Amino acid sequence: MCAFLSTHGKKIKDMASESSKERTFVIIKPDGVQRSLIGEVIKRFERVGLKLVGLRFEVPEAGKIEEHYTLDPKWKENVGTKAIESYKKKGQQPPSEDPIEIGNLVVERLKKYMTSGPVVLMAWQGAHSVELIRKLVGGTEPRSSDVGTIRGDYVLDSYMMADTDDRAIRNLIHASGSVEEATQELALWFGEEELVNYKLVQEGILYDVNLDGILE
Ligand code: ADP
Ligand code: MG
C-alpha cells in the first residue's frame, strides 16, 4: 500500500491539513484573571503554534456554568471518582464514597467560583489542539499537577483545601478534555459568527508539506 495512504485509504497529506483545523475551548477562570495571568496563558498557547480564533471577556451566568459542566452526562461521576482516588492515593478518607454526590457538590461550588468575576473565553485552533492545551494546562489539582504546566507553575490549591473550605479547586483555567467535549463547549459559548477563519503566516512552516517559498 502507498506510504501516503492511511488504512482507510484517506491521504495522510489531507489528514494533516484537516487536523490543523482542530479546535478547543478554554476559559481563563476568575482567579486566572485576578492573578494577571491572561498574557502568560495566551503566550504559552501561541508559542507552541496554536491560533486564537475566538475571544470574549465577561462575567458568566450561573445557569451557563451548570449547563457547561453537565454537557457530558458522565462528568459528575468522573469528577467524583477522580476526587475519591486522589484522597485514597494519599491514604486519606474522601468526604463521600459516592462519586455522584461529590459531582453534585462540585457543580454548586463551580457556579459560585466561575461567576465571582470576569473570565476570558477563548477558542484555539491547530493540530492536536485539545491534547496540547490539556498538556500545557496540567492536571486538575495544582498540588499534584506537573511542574512546567500552567496549573503546576502558578498556583497551589488542593482537593483538601477546597473541601475544607467548601469551595471549588482554584486552578486558573478550564480546557476541553476531548474533541467531542470541545465541539459541544464551543457551540455552547460561541456563535458561529464569533469564530474567525483566517490564516497565520507561520502556518506555512508548521503545516506546509514541502516548505517551498522560503528560498529566493
Ligand atoms: P478539569 O478542569 O481538569 O477538566 P474536571 O472537569 O474534573 O477537571 O473538574 C472541573 C473543575 O471542577 C476543576 O477544574 C476544578 O476547578 C473543579 N473541581 C473538580 N473536582 C473538584 C472537587 N473535588 N472539589 C472542588 N472542586 C473541584
Ligand atoms: Mg473537565
# chains A, B, ... in the order shown; residues from 1 in each chain; ligands from 1
>>> residues_near_ligand(ligand="ligand 2", cutoff="9 Å", atoms="only C-alpha atoms and all ligand atoms", output="number ranges by chain")
A: 69, 75, 79, 140, 174-178, 181
>>> write_last_selection(atoms="C-alpha atoms", output="short mmCIF file (atom, residue, chain, number, x, y, z; two decimals), in the first residue's frame")
data_model
loop_
_atom_site.label_atom_id
_atom_site.label_comp_id
_atom_site.auth_asym_id
_atom_site.auth_seq_id
_atom_site.Cartn_x
_atom_site.Cartn_y
_atom_site.Cartn_z
CA TYR A 69 -20.36 21.24 33.32
CA TRP A 75 -18.97 14.26 34.12
CA VAL A 79 -15.25 14.25 38.81
CA THR A 140 -6.91 19.22 37.78
CA HIS A 174 -10.66 25.32 32.02
CA ALA A 175 -9.73 23.42 28.85
CA SER A 176 -11.85 20.88 26.93
CA GLY A 177 -10.90 17.28 27.72
CA SER A 178 -11.69 15.71 24.33
CA GLU A 181 -16.26 17.97 24.59
#
>>> closest_atom_pairs(of="region 16-130 of chain A", to="region 149-166 of chain A", cutoff="12 Å", atoms="only C-alpha atoms", output="JSON lines")
{"residue": "A:Ile28", "atom": "CA", "partner": "A:Ile150", "partner_atom": "CA", "distance": 11.0}
{"residue": "A:Lys29", "atom": "CA", "partner": "A:Arg151", "partner_atom": "CA", "distance": 11.7}
{"residue": "A:Asp31", "atom": "CA", "partner": "A:Val155", "partner_atom": "CA", "distance": 9.7}
{"residue": "A:Gly32", "atom": "CA", "partner": "A:Tyr154", "partner_atom": "CA", "distance": 9.2}
{"residue": "A:Arg35", "atom": "CA", "partner": "A:Tyr154", "partner_atom": "CA", "distance": 8.9}
{"residue": "A:Ser36", "atom": "CA", "partner": "A:Tyr154", "partner_atom": "CA", "distance": 10.8}
{"residue": "A:Leu37", "atom": "CA", "partner": "A:Tyr154", "partner_atom": "CA", "distance": 8.8}
{"residue": "A:Ile38", "atom": "CA", "partner": "A:Ile150", "partner_atom": "CA", "distance": 11.4}
{"residue": "A:Glu40", "atom": "CA", "partner": "A:Ile150", "partner_atom": "CA", "distance": 8.8}
{"residue": "A:Val41", "atom": "CA", "partner": "A:Ile150", "partner_atom": "CA", "distance": 7.4}
{"residue": "A:Ile42", "atom": "CA", "partner": "A:Ile150", "partner_atom": "CA", "distance": 10.9}
{"residue": "A:Lys43", "atom": "CA", "partner": "A:Ile150", "partner_atom": "CA", "distance": 11.1}
{"residue": "A:Arg44", "atom": "CA", "partner": "A:Ile150", "partner_atom": "CA", "distance": 8.6}
{"residue": "A:Phe45", "atom": "CA", "partner": "A:Ile150", "partner_atom": "CA", "distance": 10.5}
{"residue": "A:Val79", "atom": "CA", "partner": "A:Tyr159", "partner_atom": "CA", "distance": 11.4}
{"residue": "A:Gly80", "atom": "CA", "partner": "A:Tyr159", "partner_atom": "CA", "distance": 11.1}
{"residue": "A:Lys82", "atom": "CA", "partner": "A:Tyr159", "partner_atom": "CA", "distance": 10.1}
{"residue": "A:Ala83", "atom": "CA", "partner": "A:Tyr159", "partner_atom": "CA", "distance": 7.0}
{"residue": "A:Ile84", "atom": "CA", "partner": "A:Tyr159", "partner_atom": "CA", "distance": 9.6}
{"residue": "A:Glu85", "atom": "CA", "partner": "A:Tyr159", "partner_atom": "CA", "distance": 10.8}
{"residue": "A:Ser86", "atom": "CA", "partner": "A:Tyr159", "partner_atom": "CA", "distance": 7.9}
{"residue": "A:Tyr87", "atom": "CA", "partner": "A:Tyr159", "partner_atom": "CA", "distance": 7.9}
{"residue": "A:Lys88", "atom": "CA", "partner": "A:Tyr159", "partner_atom": "CA", "distance": 11.7}
{"residue": "A:Lys90", "atom": "CA", "partner": "A:Met160", "partner_atom": "CA", "distance": 10.6}
{"residue": "A:Gln92", "atom": "CA", "partner": "A:Met160", "partner_atom": "CA", "distance": 9.8}
{"residue": "A:Gln93", "atom": "CA", "partner": "A:Met160", "partner_atom": "CA", "distance": 10.5}
{"residue": "A:Pro94", "atom": "CA", "partner": "A:Met160", "partner_atom": "CA", "distance": 9.2}
{"residue": "A:Pro95", "atom": "CA", "partner": "A:Asp163", "partner_atom": "CA", "distance": 7.7}
{"residue": "A:Ser96", "atom": "CA", "partner": "A:Asp163", "partner_atom": "CA", "distance": 10.8}
{"residue": "A:Ile102", "atom": "CA", "partner": "A:Asp163", "partner_atom": "CA", "distance": 10.2}
{"residue": "A:Leu105", "atom": "CA", "partner": "A:Asp166", "partner_atom": "CA", "distance": 8.9}
{"residue": "A:Val106", "atom": "CA", "partner": "A:Asp166", "partner_atom": "CA", "distance": 9.1}
{"residue": "A:Val107", "atom": "CA", "partner": "A:Asp166", "partner_atom": "CA", "distance": 11.8}
{"residue": "A:Glu108", "atom": "CA", "partner": "A:Asp166", "partner_atom": "CA", "distance": 9.9}
{"residue": "A:Arg109", "atom": "CA", "partner": "A:Asp166", "partner_atom": "CA", "distance": 7.3}
{"residue": "A:Leu110", "atom": "CA", "partner": "A:Asp166", "partner_atom": "CA", "distance": 10.7}
{"residue": "A:Lys112", "atom": "CA", "partner": "A:Asp166", "partner_atom": "CA", "distance": 10.8}
{"residue": "A:Tyr113", "atom": "CA", "partner": "A:Asp166", "partner_atom": "CA", "distance": 11.0}
>>> closest_residue(among="A:Leu50, A:Ile205, A:Thr81, A:Phe25", to="His128 (chain A)", atoms="only C-alpha atoms")
A:Leu50
>>> closest_residue(among="A:Glu77, A:Glu203, A:Asp146, A:Asp212", to="ligand 1", atoms="only C-alpha atoms and all ligand atoms")
A:Glu77
>>> atom_distance(atom1="CA of Phe57 (chain A)", atom2="atom 23 (N, counted along the ligand's line) of ligand 1")
26.7 Å
>>> residues_around(residues="region 119-121 of chain A", least_positions_apart="6", cutoff="7 Å", atoms="only C-alpha atoms", output="list in words")
Val26, Ile27, Ile28, Lys29, Pro30, Val33, Leu55, Arg56, Phe57, Glu58 and Val59 of chain A
>>> select_by_dssp(residues="region 72-157 of chain A", states="strand (DSSP E)", output="PyMOL selection string")
chain A and resi 119-125
>>> atom_distance(atom1="CA of Ala168 (chain A)", atom2="CA of Gly138 (chain A)")
16.8 Å
>>> select_by_dssp(residues="region 129-159 of chain A", states="helix (DSSP H, G or I)", output="VMD selection string")
chain A and resid 129 to 137 150 to 154 159
>>> write_last_selection(atoms="all heavy atoms", output="compact mmCIF listing (two decimals), in the first residue's frame")
# COMPACT_ATOMS: atom_id res chain seq x y z
N SER A 129 -4.90 20.38 19.01
CA SER A 129 -5.07 21.49 19.96
C SER A 129 -5.69 21.05 21.29
O SER A 129 -5.29 21.55 22.34
CB SER A 129 -5.90 22.61 19.33
OG SER A 129 -7.17 22.13 18.93
N VAL A 130 -6.63 20.09 21.25
CA VAL A 130 -7.27 19.65 22.50
C VAL A 130 -6.21 19.03 23.43
O VAL A 130 -6.05 19.42 24.59
CB VAL A 130 -8.39 18.62 22.22
CG1 VAL A 130 -8.90 18.00 23.51
CG2 VAL A 130 -9.53 19.26 21.46
N GLU A 131 -5.46 18.08 22.86
CA GLU A 131 -4.46 17.36 23.65
C GLU A 131 -3.32 18.30 24.10
O GLU A 131 -2.88 18.25 25.26
CB GLU A 131 -3.91 16.25 22.77
CG GLU A 131 -2.97 15.29 23.43
CD GLU A 131 -2.40 14.32 22.39
OE1 GLU A 131 -3.17 13.80 21.55
OE2 GLU A 131 -1.19 14.08 22.42
N LEU A 132 -2.85 19.15 23.19
CA LEU A 132 -1.74 20.04 23.52
C LEU A 132 -2.10 21.02 24.63
O LEU A 132 -1.32 21.23 25.57
CB LEU A 132 -1.32 20.85 22.28
CG LEU A 132 -0.47 20.13 21.27
CD1 LEU A 132 -0.32 20.98 20.00
CD2 LEU A 132 0.91 19.82 21.85
N ILE A 133 -3.30 21.58 24.54
CA ILE A 133 -3.68 22.57 25.57
C ILE A 133 -3.87 21.89 26.92
O ILE A 133 -3.45 22.41 27.95
CB ILE A 133 -4.89 23.42 25.12
CG1 ILE A 133 -4.37 24.41 24.07
CG2 ILE A 133 -5.56 24.12 26.30
CD1 ILE A 133 -5.31 25.52 23.66
N ARG A 134 -4.43 20.68 26.94
CA ARG A 134 -4.54 19.95 28.22
C ARG A 134 -3.15 19.69 28.80
O ARG A 134 -2.94 19.76 30.01
CB ARG A 134 -5.27 18.62 28.02
CG ARG A 134 -6.74 18.78 27.74
CD ARG A 134 -7.53 19.13 28.96
NE ARG A 134 -7.79 18.01 29.82
CZ ARG A 134 -8.74 17.96 30.74
NH1 ARG A 134 -9.54 19.00 30.94
NH2 ARG A 134 -8.92 16.90 31.49
N LYS A 135 -2.19 19.36 27.93
CA LYS A 135 -0.82 19.11 28.39
C LYS A 135 -0.22 20.39 29.00
O LYS A 135 0.42 20.34 30.06
CB LYS A 135 0.03 18.62 27.22
CG LYS A 135 1.48 18.33 27.57
CD LYS A 135 2.27 17.83 26.38
CE LYS A 135 2.67 18.96 25.47
NZ LYS A 135 3.65 18.60 24.44
N LEU A 136 -0.42 21.51 28.33
CA LEU A 136 0.13 22.78 28.82
C LEU A 136 -0.56 23.24 30.10
O LEU A 136 0.05 23.86 30.95
CB LEU A 136 0.00 23.87 27.75
CG LEU A 136 0.80 23.65 26.47
CD1 LEU A 136 0.41 24.66 25.40
CD2 LEU A 136 2.30 23.74 26.74
N VAL A 137 -1.86 22.92 30.24
CA VAL A 137 -2.64 23.34 31.41
C VAL A 137 -2.28 22.50 32.64
O VAL A 137 -2.13 23.02 33.74
CB VAL A 137 -4.16 23.26 31.10
CG1 VAL A 137 -5.00 23.33 32.37
CG2 VAL A 137 -4.55 24.38 30.14
N ILE A 150 0.76 25.14 33.40
CA ILE A 150 0.23 26.41 33.95
C ILE A 150 -0.26 26.20 35.38
O ILE A 150 0.08 26.96 36.28
CB ILE A 150 -0.89 26.96 33.03
CG1 ILE A 150 -0.31 27.29 31.65
CG2 ILE A 150 -1.53 28.19 33.65
CD1 ILE A 150 -1.37 27.54 30.57
N ARG A 151 -1.05 25.13 35.59
CA ARG A 151 -1.57 24.89 36.96
C ARG A 151 -0.44 24.55 37.92
O ARG A 151 -0.45 24.95 39.08
CB ARG A 151 -2.62 23.77 36.93
CG ARG A 151 -3.95 24.21 36.31
CD ARG A 151 -4.83 23.02 36.06
NE ARG A 151 -6.18 23.36 35.63
CZ ARG A 151 -7.06 22.47 35.18
NH1 ARG A 151 -6.73 21.19 35.11
NH2 ARG A 151 -8.26 22.85 34.80
N GLY A 152 0.55 23.81 37.43
CA GLY A 152 1.67 23.43 38.30
C GLY A 152 2.59 24.59 38.63
O GLY A 152 3.20 24.65 39.70
N ASP A 153 2.69 25.54 37.71
CA ASP A 153 3.64 26.66 37.89
C ASP A 153 3.06 27.84 38.65
O ASP A 153 3.81 28.59 39.27
CB ASP A 153 4.09 27.19 36.52
CG ASP A 153 5.16 26.32 35.88
OD1 ASP A 153 5.58 25.34 36.51
OD2 ASP A 153 5.56 26.64 34.73
N TYR A 154 1.74 28.05 38.56
CA TYR A 154 1.21 29.33 39.04
C TYR A 154 0.25 29.26 40.21
O TYR A 154 -0.26 30.28 40.64
CB TYR A 154 0.54 30.08 37.88
CG TYR A 154 1.56 30.58 36.89
CD1 TYR A 154 1.74 29.95 35.67
CD2 TYR A 154 2.39 31.65 37.21
CE1 TYR A 154 2.69 30.38 34.77
CE2 TYR A 154 3.34 32.10 36.33
CZ TYR A 154 3.50 31.46 35.11
OH TYR A 154 4.44 31.90 34.23
N TYR A 159 -7.44 19.34 46.60
CA TYR A 159 -8.75 18.78 46.97
C TYR A 159 -9.00 19.07 48.45
O TYR A 159 -10.10 19.45 48.84
CB TYR A 159 -8.77 17.27 46.73
CG TYR A 159 -8.92 16.87 45.29
CD1 TYR A 159 -7.85 16.39 44.55
CD2 TYR A 159 -10.16 16.98 44.65
CE1 TYR A 159 -8.00 16.01 43.22
CE2 TYR A 159 -10.32 16.62 43.32
CZ TYR A 159 -9.24 16.13 42.61
OH TYR A 159 -9.39 15.78 41.29
